[in-house]
>>> print(open('my_file_3.cif').read())   # mmCIF, C-alpha atoms
data_run
loop_
_atom_site.label_atom_id
_atom_site.label_comp_id
_atom_site.auth_asym_id
_atom_site.auth_seq_id
_atom_site.Cartn_x
_atom_site.Cartn_y
_atom_site.Cartn_z
CA MET A 1 -11.60 -12.73 -13.87
CA LYS A 2 -9.30 -15.48 -12.62
CA LYS A 3 -7.82 -13.02 -10.12
CA ALA A 4 -11.28 -11.94 -8.99
CA ILE A 5 -12.19 -15.59 -8.32
CA THR A 6 -8.99 -16.16 -6.33
CA VAL A 7 -9.57 -13.02 -4.26
CA SER A 8 -13.20 -14.03 -3.66
CA ILE A 9 -12.05 -17.47 -2.46
CA LEU A 10 -9.53 -15.81 -0.12
CA GLY A 11 -12.30 -13.52 1.17
CA ALA A 12 -14.56 -16.51 1.76
CA ILE A 13 -11.76 -18.31 3.65
CA LEU A 14 -11.22 -15.21 5.78
CA LEU A 15 -14.93 -14.95 6.54
CA ALA A 16 -15.17 -18.66 7.37
CA ILE A 17 -12.18 -18.41 9.76
CA SER A 18 -13.70 -15.35 11.44
CA ILE A 19 -17.13 -16.95 11.90
CA TYR A 20 -15.58 -20.17 13.19
CA GLU A 21 -13.50 -18.15 15.63
CA ILE A 22 -16.50 -16.21 16.93
CA ILE A 23 -18.41 -19.45 17.63
CA ALA A 24 -15.42 -21.29 19.09
CA VAL A 25 -14.33 -18.39 21.28
CA ASN A 26 -17.87 -17.76 22.57
CA ASN A 27 -18.25 -21.40 23.53
CA PHE A 28 -14.82 -21.50 25.13
CA ILE A 29 -15.28 -18.34 27.18
CA LYS A 30 -18.74 -19.40 28.37
CA ASP A 31 -17.44 -22.83 29.33
CA PHE A 32 -14.36 -21.41 31.02
CA GLU A 33 -16.39 -18.90 33.01
CA ASN A 34 -18.86 -21.58 34.15
CA THR A 35 -15.99 -23.82 35.24
CA ALA A 36 -14.35 -21.01 37.22
CA ILE A 37 -17.64 -20.07 38.92
CA GLU A 38 -18.45 -23.70 39.67
CA ILE A 39 -15.04 -24.31 41.28
CA TYR A 40 -15.25 -21.08 43.26
CA GLU A 41 -18.71 -21.93 44.63
CA ILE A 42 -17.63 -25.44 45.61
CA LEU A 43 -14.62 -24.04 47.47
CA GLU A 44 -16.77 -21.41 49.22
CA ASN A 45 -19.36 -23.96 50.31
CA ASN A 46 -16.85 -26.57 51.51
CA LYS A 47 -14.19 -24.56 53.28
CA ASP A 48 -13.10 -27.33 55.63
CA ASN A 49 -12.95 -30.30 53.32
CA ILE A 50 -12.07 -28.98 49.87
CA ASN A 51 -9.83 -32.00 49.27
CA ASP A 52 -13.01 -34.06 48.83
CA TYR A 53 -13.40 -32.26 45.52
CA PHE A 54 -9.91 -33.04 44.29
CA THR A 55 -11.17 -35.45 41.56
CA PHE A 56 -13.72 -32.91 40.40
CA VAL A 57 -11.17 -30.08 40.10
CA ASN A 58 -8.61 -32.43 38.57
CA ASN A 59 -11.14 -33.50 35.91
CA LYS A 60 -11.77 -29.86 35.08
CA LYS A 61 -8.02 -29.36 34.67
CA GLU A 62 -7.77 -32.43 32.42
CA LYS A 63 -10.60 -31.03 30.31
CA TRP A 64 -8.79 -27.71 30.10
CA ASN A 65 -5.58 -29.46 29.01
CA LYS A 66 -7.47 -31.16 26.19
CA GLN A 67 -9.04 -27.89 25.09
CA GLU A 68 -5.72 -26.05 25.26
CA LYS A 69 -4.35 -27.87 22.19
CA SER A 70 -7.11 -26.58 19.93
CA LEU A 71 -7.12 -23.17 21.58
CA CYS A 72 -3.48 -22.67 20.56
CA LEU A 73 -4.81 -22.05 17.05
CA MET A 74 -6.59 -18.92 18.22
CA PHE A 75 -4.90 -17.64 21.37
CA SER A 76 -1.34 -16.77 22.21
CA TYR A 77 0.31 -19.85 23.71
CA ARG A 78 1.80 -17.70 26.48
CA ASP A 79 -1.65 -16.62 27.73
CA LEU A 80 -2.85 -20.22 27.75
CA THR A 81 0.19 -21.35 29.74
CA THR A 82 -0.63 -18.77 32.44
CA ILE A 83 -4.12 -20.25 32.85
CA ASN A 84 -2.69 -23.77 32.77
CA ASP A 85 -0.23 -22.89 35.57
CA CYS A 86 -3.08 -21.42 37.61
CA PHE A 87 -5.11 -24.63 37.19
CA SER A 88 -2.11 -26.75 38.24
CA ARG A 89 -1.61 -24.70 41.41
CA LEU A 90 -5.33 -24.89 42.19
CA VAL A 91 -5.32 -28.70 41.92
CA ALA A 92 -2.30 -28.90 44.25
CA TYR A 93 -3.94 -26.61 46.87
CA VAL A 94 -7.22 -28.56 46.72
CA LYS A 95 -5.29 -31.79 47.23
CA ASN A 96 -3.58 -30.29 50.31
CA ASN A 97 -6.87 -28.89 51.62
CA ASP A 98 -5.36 -25.37 51.54
CA TYR A 99 -8.56 -23.32 51.33
CA ASP A 100 -7.07 -19.80 51.28
CA ASN A 101 -4.63 -20.41 48.45
CA ALA A 102 -7.12 -22.54 46.51
CA CYS A 103 -9.67 -19.77 46.79
CA ALA A 104 -7.13 -17.20 45.60
CA GLU A 105 -6.34 -19.38 42.54
CA ALA A 106 -10.06 -19.84 41.81
CA GLU A 107 -10.49 -16.06 41.96
CA LEU A 108 -7.56 -15.72 39.58
CA LEU A 109 -9.26 -18.16 37.17
CA LEU A 110 -12.40 -16.04 37.36
CA SER A 111 -10.40 -12.92 36.59
CA TYR A 112 -8.82 -14.65 33.56
CA SER A 113 -12.28 -15.50 32.25
CA GLU A 114 -13.28 -11.85 32.71
CA TYR A 115 -10.06 -10.70 31.03
CA ASN A 116 -10.60 -13.02 28.04
CA LYS A 117 -14.17 -11.83 27.74
CA GLU A 118 -12.95 -8.24 27.61
CA ILE A 119 -10.23 -8.81 25.04
CA MET A 120 -12.46 -10.86 22.74
CA GLN A 121 -15.57 -8.71 22.78
CA LEU A 122 -16.41 -6.12 20.17
CA SER A 123 -15.69 -2.90 21.99
CA PHE A 124 -14.35 0.58 21.44
CA GLN A 125 -11.07 -0.04 23.30
CA ASN A 126 -10.41 -3.27 21.36
CA LEU A 127 -11.00 -1.62 18.01
CA PHE A 128 -8.91 1.45 18.69
CA MET B 1 13.99 -33.23 21.03
CA ALA B 2 12.50 -30.02 22.35
CA TYR B 3 14.97 -27.98 20.28
CA PHE B 4 14.22 -30.02 17.20
CA SER B 5 10.53 -29.58 17.74
CA MET B 6 10.85 -25.80 18.14
CA SER B 7 13.12 -25.53 15.08
CA PHE B 8 10.72 -27.62 13.06
CA THR B 9 7.85 -25.40 14.14
CA LEU B 10 9.75 -22.27 13.14
CA ILE B 11 10.77 -23.80 9.79
CA PHE B 12 7.19 -24.82 9.09
CA ARG B 13 5.85 -21.39 10.03
CA SER B 14 8.49 -19.57 7.97
CA VAL B 15 7.89 -21.72 4.90
CA SER B 16 4.10 -21.34 5.19
CA ILE B 17 4.26 -17.56 5.56
CA TYR B 18 6.87 -17.27 2.78
CA PHE B 19 4.72 -19.12 0.26
CA LEU B 20 1.59 -17.29 1.33
CA VAL B 21 3.27 -13.88 0.88
CA LEU B 22 4.86 -15.02 -2.41
CA PHE B 23 1.48 -16.18 -3.70
CA LEU B 24 -0.23 -12.96 -2.68
CA LEU B 25 2.51 -10.74 -4.14
CA ARG B 26 2.27 -12.68 -7.42
CA LEU B 27 -1.47 -12.08 -7.31
CA MET B 28 -0.80 -8.35 -7.03
CA GLY B 29 1.24 -8.27 -10.24
CA LYS B 30 4.81 -7.76 -11.29
CA ARG B 31 6.40 -4.49 -10.29
CA GLN B 32 9.84 -3.56 -9.17
CA ILE B 33 10.09 -1.67 -5.89
CA GLY B 34 11.19 1.50 -7.70
CA GLU B 35 8.19 1.34 -9.99
CA MET B 36 5.58 0.90 -7.30
CA GLN B 37 2.73 3.26 -6.76
CA PRO B 38 2.44 4.63 -3.20
CA PHE B 39 -0.34 2.22 -2.20
CA GLU B 40 1.66 -0.72 -3.54
CA LEU B 41 4.75 0.31 -1.63
CA VAL B 42 2.73 0.67 1.59
CA ILE B 43 1.32 -2.85 1.33
CA THR B 44 4.76 -4.31 0.56
CA LEU B 45 6.28 -2.65 3.62
CA ILE B 46 3.45 -3.80 5.90
CA PHE B 47 3.59 -7.31 4.47
CA ALA B 48 7.27 -7.56 5.25
CA ASP B 49 6.64 -6.62 8.86
CA LEU B 50 3.51 -8.69 9.37
CA ALA B 51 5.08 -11.81 7.94
CA THR B 52 7.98 -11.83 10.36
CA ILE B 53 5.90 -11.61 13.57
CA PRO B 54 4.30 -15.09 13.56
CA MET B 55 7.44 -16.50 11.90
CA ALA B 56 9.64 -15.61 14.86
CA ASP B 57 7.22 -15.78 17.80
CA SER B 58 6.02 -19.37 18.08
CA SER B 59 3.69 -18.52 20.98
CA LEU B 60 1.46 -16.60 18.58
CA PRO B 61 -1.02 -18.60 16.50
CA LEU B 62 -0.04 -18.69 12.81
CA ILE B 63 -3.52 -17.54 11.98
CA HIS B 64 -2.81 -14.19 13.69
CA GLY B 65 -0.22 -13.53 10.99
CA ILE B 66 -2.23 -14.95 8.11
CA ILE B 67 -5.46 -13.02 8.74
CA PRO B 68 -3.98 -9.48 8.46
CA ILE B 69 -1.98 -10.50 5.38
CA LEU B 70 -5.07 -11.94 3.68
CA THR B 71 -7.14 -8.89 4.68
CA LEU B 72 -4.58 -6.50 3.21
CA SER B 73 -4.33 -8.48 -0.05
CA ILE B 74 -8.10 -8.37 -0.49
CA LEU B 75 -8.12 -4.65 0.35
CA HIS B 76 -5.31 -4.11 -2.16
CA TYR B 77 -7.24 -5.94 -4.85
CA ILE B 78 -10.38 -3.89 -4.20
CA LEU B 79 -8.34 -0.67 -4.22
CA SER B 80 -6.64 -1.60 -7.51
CA LEU B 81 -10.05 -2.36 -9.00
CA LEU B 82 -11.42 1.01 -7.89
CA LEU B 83 -8.33 2.82 -9.21
CA ARG B 84 -8.82 1.17 -12.58
CA LYS B 85 -12.47 2.19 -12.70
CA PHE B 86 -12.34 5.72 -11.28
CA ASN B 87 -9.76 8.22 -12.48
CA ALA B 88 -10.58 10.71 -9.73
CA MET B 89 -9.72 8.12 -7.13
CA ARG B 90 -6.48 7.32 -8.94
CA SER B 91 -5.29 10.90 -8.59
CA ILE B 92 -6.25 10.96 -4.88
CA ILE B 93 -4.49 7.72 -4.00
CA ASN B 94 -1.54 7.78 -6.42
CA GLY B 95 -1.20 11.51 -7.04
CA LYS B 96 -0.73 13.11 -10.44
CA PRO B 97 2.32 13.28 -12.73
CA ILE B 98 4.02 16.67 -12.32
CA ILE B 99 5.75 18.59 -15.10
CA LEU B 100 9.13 19.76 -13.80
CA ILE B 101 10.59 21.06 -17.04
CA SER B 102 8.47 22.56 -19.80
CA PRO B 103 9.45 24.48 -22.97
CA ASN B 104 9.67 27.58 -20.73
CA GLY B 105 12.23 25.96 -18.44
CA ILE B 106 12.24 24.61 -14.91
CA ASP B 107 9.06 24.90 -12.86
CA PHE B 108 10.30 26.02 -9.42
CA GLU B 109 6.92 25.69 -7.74
CA ALA B 110 6.56 22.11 -8.93
CA LEU B 111 10.04 21.34 -7.60
CA GLN B 112 9.13 22.80 -4.21
CA LYS B 113 5.90 20.82 -4.14
CA LEU B 114 7.92 17.64 -4.52
CA ASP B 115 10.42 18.76 -1.89
CA MET B 116 13.21 18.60 -4.45
CA ASN B 117 16.06 20.89 -5.43
CA TYR B 118 18.07 21.36 -8.64
CA ASN B 119 20.60 18.74 -7.61
CA ASP B 120 17.90 16.10 -7.23
CA LEU B 121 16.47 17.03 -10.62
CA GLN B 122 19.91 16.94 -12.26
CA GLU B 123 20.60 13.54 -10.72
CA LEU B 124 17.37 12.13 -12.12
CA MET B 125 18.10 13.74 -15.51
CA ARG B 126 21.56 12.17 -15.61
CA GLY B 127 19.89 8.83 -14.91
CA CYS B 128 17.90 9.39 -18.11
CA GLY B 129 21.05 10.27 -20.05
CA TYR B 130 20.68 14.07 -20.15
CA PHE B 131 23.17 16.43 -18.57
CA ASN B 132 21.93 19.90 -19.57
CA PHE B 133 18.58 21.48 -18.85
CA ASP B 134 18.38 22.95 -22.37
CA GLU B 135 18.41 19.45 -23.91
CA ILE B 136 15.01 18.73 -22.39
CA LEU B 137 11.65 19.84 -23.73
CA TYR B 138 9.59 18.15 -21.04
CA ALA B 139 10.55 16.37 -17.83
CA ILE B 140 7.69 14.74 -15.96
CA MET B 141 7.82 13.27 -12.48
CA GLN B 142 5.62 10.18 -12.59
CA THR B 143 3.46 9.03 -9.67
CA ASN B 144 5.84 6.12 -8.97
CA GLY B 145 8.75 8.55 -8.45
CA SER B 146 10.52 8.05 -11.78
CA LEU B 147 11.41 10.88 -14.15
CA THR B 148 10.32 10.69 -17.78
CA VAL B 149 12.14 12.92 -20.24
CA LEU B 150 11.13 14.11 -23.70
CA PRO B 151 14.28 15.64 -25.27
CA ARG B 152 14.26 18.56 -27.67
CA ALA B 153 14.29 17.33 -31.28
CA THR B 154 17.86 18.52 -31.77
CA TYR B 155 19.08 16.38 -28.84
CA ALA B 156 16.93 13.30 -29.42
CA PRO B 157 18.74 10.23 -30.77
CA ALA B 158 18.19 9.81 -34.49
CA THR B 159 16.05 6.86 -35.51
CA PRO B 160 16.10 5.05 -38.89
CA ASN B 161 12.79 6.77 -39.57
CA ASP B 162 14.42 10.21 -39.13
CA LEU B 163 17.11 9.21 -41.62
CA ASN B 164 14.66 7.59 -44.05
CA ILE B 165 16.49 4.27 -43.85
CA LYS B 166 14.63 1.00 -44.23
CA VAL B 167 15.68 -1.57 -41.68
CA PRO B 168 14.38 -5.12 -41.27
CA GLU B 169 11.98 -5.61 -38.40
CA VAL B 170 13.57 -6.98 -35.24
CA SER B 171 12.57 -10.45 -34.16
CA LEU B 172 12.23 -12.02 -30.76
CA PRO B 173 14.51 -14.97 -30.01
CA ILE B 174 13.10 -17.80 -27.90
CA ILE B 175 14.99 -20.50 -26.03
CA ILE B 176 14.55 -23.94 -27.57
CA LEU B 177 17.27 -25.77 -25.65
CA ALA B 178 18.84 -25.01 -22.28
CA LYS B 179 21.40 -27.06 -20.35
CA GLY B 180 21.09 -29.91 -22.86
CA LYS B 181 17.30 -30.17 -22.57
CA PHE B 182 14.73 -29.13 -25.14
CA ASN B 183 12.06 -26.62 -24.18
CA ASN B 184 9.05 -28.44 -25.62
CA GLU B 185 6.70 -25.51 -25.17
CA ASN B 186 8.91 -23.17 -27.21
CA LEU B 187 9.56 -25.87 -29.83
CA LYS B 188 5.80 -26.05 -30.29
CA ILE B 189 5.55 -22.27 -30.61
CA ALA B 190 8.36 -22.24 -33.20
CA LYS B 191 6.79 -25.27 -34.94
CA LEU B 192 10.10 -27.11 -34.93
CA GLU B 193 10.89 -30.79 -34.45
CA LYS B 194 13.60 -32.03 -32.10
CA ASN B 195 15.12 -34.12 -34.90
CA PHE B 196 15.42 -31.06 -37.10
CA ILE B 197 17.46 -29.28 -34.43
CA ILE B 198 19.59 -32.37 -33.80
CA ASN B 199 20.35 -32.62 -37.54
CA GLU B 200 21.25 -28.95 -37.69
CA LEU B 201 23.59 -29.43 -34.73
CA LYS B 202 25.20 -32.44 -36.44
CA LYS B 203 26.10 -30.16 -39.34
CA GLU B 204 28.12 -28.17 -36.81
CA ASN B 205 29.74 -31.40 -35.52
CA ILE B 206 27.71 -31.31 -32.28
CA THR B 207 26.35 -34.75 -31.42
CA ASP B 208 26.01 -34.54 -27.64
CA LEU B 209 23.22 -32.20 -26.50
CA ASN B 210 24.72 -32.09 -23.00
CA THR B 211 27.63 -30.04 -24.36
CA ILE B 212 25.18 -27.25 -25.27
CA ALA B 213 24.35 -24.57 -22.72
CA LEU B 214 21.77 -22.67 -24.76
CA ILE B 215 20.11 -22.51 -28.17
CA THR B 216 17.79 -19.71 -29.21
CA ILE B 217 16.03 -19.09 -32.49
CA ASN B 218 14.37 -15.95 -33.82
CA THR B 219 11.52 -15.47 -36.26
CA LYS B 220 13.97 -15.07 -39.17
CA GLY B 221 15.48 -18.50 -38.53
CA LYS B 222 18.70 -17.23 -36.99
CA MET B 223 19.96 -19.78 -34.51
CA TYR B 224 22.29 -18.90 -31.64
CA ILE B 225 24.16 -21.88 -30.22
CA GLN B 226 26.14 -21.42 -27.02
CA PRO B 227 28.23 -24.48 -26.11
CA LYS B 228 29.15 -24.99 -22.44
CA LYS B 229 32.76 -24.54 -23.46
CA GLY B 230 34.00 -22.47 -26.35
CA GLU B 231 32.62 -19.73 -28.58
CA PHE B 232 29.03 -19.33 -29.64
CA ILE B 233 27.89 -20.30 -33.14
CA LEU B 234 25.45 -18.29 -35.27
CA LYS B 235 23.58 -20.30 -37.84
CA GLU B 236 20.96 -19.42 -40.41
CA ILE B 237 18.55 -22.32 -40.78
CA ASP B 238 16.02 -23.13 -43.43
CA TYR B 239 13.09 -22.16 -41.29
CA ASN B 240 9.64 -23.34 -42.34
CA GLY B 241 7.69 -22.14 -39.32
CA ASP B 242 5.42 -19.14 -39.69
CA GLY B 243 7.73 -17.10 -37.47
CA ASN B 244 4.89 -15.42 -35.69
CA TRP B 245 5.37 -15.33 -31.97
#
>>> encode(input="my_file_3.cif", output="structure tokens")
Amino acid sequence: MKKAITVSILGAILLAISIYEIIAVNNFIKDFENTAIEIYEILENNKDNINDYFTFVNNKKEKWNKQEKSLCLMFSYRDLTTINDCFSRLVAYVKNNDYDNACAEAELLLSYSEYNKEIMQLSFQNLF
Amino acid sequence: MAYFSMSFTLIFRSVSIYFLVLFLLRLMGKRQIGEMQPFELVITLIFADLATIPMADSSLPLIHGIIPILTLSILHYILSLLLRKFNAMRSIINGKPIILISPNGIDFEALQKLDMNYNDLQELMRGCGYFNFDEILYAIMQTNGSLTVLPRATYAPATPNDLNIKVPEVSLPIIILAKGKFNNENLKIAKLEKNFIINELKKENITDLNTIALITINTKGKMYIQPKKGEFILKEIDYNGDGNW
């Protein structure tokens, strides 16, 4: 009986972690995707003076940095560092008004959001 | 500082995983590796592998190691429960004991089924203390891979019952003092007072408890005193406890 209670508690912990992860990951991916789209659209619409949006992009990066600490609990730190590096390069290109490279980095951010969506979703290839 | 931080992380992760696995293995019950059923062996092997991944790779979240371990423990518990309840399932998961030697002799088909030869069988028999096939009436290969032997009556060790000899019942000794310190729990079980033991020791000219490595007592009141240095002392005491443990 005691063992059954312990195992039930462990099961409940497991379920709680899983539900929390689903909610947290959904929110994160949605937020990340919106950020990437928003940055990309700004860059597309302001090809000549993208450096005007340096503060905006930098704030997004700061927000990402804050999120990264809690995301380490769920994602591989290596994957997060790749996104962080991409953000850092993007901020530098925006500051230098380098549209082509900034656009390439923004596209890369978009592809990371797509990639994360794919690896987190319930799908045949993820299960098997 | 960076090195310290990484080392600290790895130490923390290793300690966490170690205690988690220890706790879960204790939850599963006490079994030696050689006595494990197939499904128990499988979970132990997977545990060992799963536990080392998040321990060594600090880029992976600790939770990625904990979740599969917890899932497998719960699965193991459910499986054990089902095996206890349903015999049919037990034989599917664990297999069935196989008779290798019967009164007619060795069962070759059974040996082949187990992918064994005579040498393997002889080796297992020798482990049980039997060297000739004719000494054995039954030899059964258990589901955990151990061989159980029932010897022919003429080769079985004689017991007092066979010889019609009355022998006093054996009694279980319990530790009441170890490394100079009383074991209060066992003293309570034996219904003995510390002062009583100290007085008994004084009779043997032992006044300092720190010179004693171990004292045990059995239900008949036989006391075994092992000093840290020197020979052990056996002492019969006037035991008033009920001697029922």
>>> closest_residue(input="my_file_3.cif", among="A:Asn49, A:Thr81, A:Asn96, A:Asn59", to="chain B", atoms="only C-alpha atoms")
A:Thr81
>>> resolve_selection(input="my_file_3.cif", expression="the PyMOL selection byres ((chain B) within 9 of (chain A))", output="PDB file with C-alpha atoms, keeping the file's coordinate frame")
ATOM      1  CA  LEU B  27      -1.470 -12.080  -7.310  1.00  0.00           C
ATOM      2  CA  MET B  28      -0.800  -8.350  -7.030  1.00  0.00           C
ATOM      3  CA  SER B  58       6.020 -19.370  18.080  1.00  0.00           C
ATOM      4  CA  SER B  59       3.690 -18.520  20.980  1.00  0.00           C
ATOM      5  CA  LEU B  60       1.460 -16.600  18.580  1.00  0.00           C
ATOM      6  CA  PRO B  61      -1.020 -18.600  16.500  1.00  0.00           C
ATOM      7  CA  LEU B  62      -0.040 -18.690  12.810  1.00  0.00           C
ATOM      8  CA  ILE B  63      -3.520 -17.540  11.980  1.00  0.00           C
ATOM      9  CA  HIS B  64      -2.810 -14.190  13.690  1.00  0.00           C
ATOM     10  CA  ILE B  67      -5.460 -13.020   8.740  1.00  0.00           C
ATOM     11  CA  LEU B  70      -5.070 -11.940   3.680  1.00  0.00           C
ATOM     12  CA  THR B  71      -7.140  -8.890   4.680  1.00  0.00           C
ATOM     13  CA  SER B  73      -4.330  -8.480  -0.050  1.00  0.00           C
ATOM     14  CA  ILE B  74      -8.100  -8.370  -0.490  1.00  0.00           C
ATOM     15  CA  TYR B  77      -7.240  -5.940  -4.850  1.00  0.00           C
TER      16      TYR B  77
END
>>> axis_aligned_box(input="my_file_3.cif", around="region 53-58 of chain B", padding_each_side="6 Å", output="JSON")
{"center_x": 7.0, "center_y": -15.5, "center_z": 15.0, "size_x": 17.3, "size_y": 19.8, "size_z": 18.2}
>>> atom_distance(input="my_file_3.cif", atom1="CA of Glu105 (chain A)", atom2="CA of Leu43 (chain A)")
10.7 Å
>>> atom_distance(input="my_file_3.cif", atom1="CA of His76 (chain B)", atom2="CA of Ala51 (chain B)")
16.4 Å
>>> residues_around(input="my_file_3.cif", residues="Gln226 (chain B)", least_positions_apart="5", cutoff="7 Å", atoms="all atoms listed in the file", output="list in words")
Ile212, Ala213, Leu214, Ile215, Glu231, Phe232 and Ile233 of chain B
>>> write_last_selection(input="my_file_3.cif", atoms="C-alpha atoms", output="mmCIF file, in the coordinates of the input")
data_model
loop_
_atom_site.group_PDB
_atom_site.id
_atom_site.type_symbol
_atom_site.label_atom_id
_atom_site.label_comp_id
_atom_site.auth_asym_id
_atom_site.auth_seq_id
_atom_site.Cartn_x
_atom_site.Cartn_y
_atom_site.Cartn_z
ATOM 1 C CA ILE B 212 25.180 -27.250 -25.270
ATOM 2 C CA ALA B 213 24.350 -24.570 -22.720
ATOM 3 C CA LEU B 214 21.770 -22.670 -24.760
ATOM 4 C CA ILE B 215 20.110 -22.510 -28.170
ATOM 5 C CA GLU B 231 32.620 -19.730 -28.580
ATOM 6 C CA PHE B 232 29.030 -19.330 -29.640
ATOM 7 C CA ILE B 233 27.890 -20.300 -33.140
#
>>> residues_around(input="my_file_3.cif", residues="Glu62 (chain A)", least_positions_apart="5", cutoff="10 Å", atoms="only C-alpha atoms", output="ChimeraX atom specification")
/A:56-57,67-68,87-88
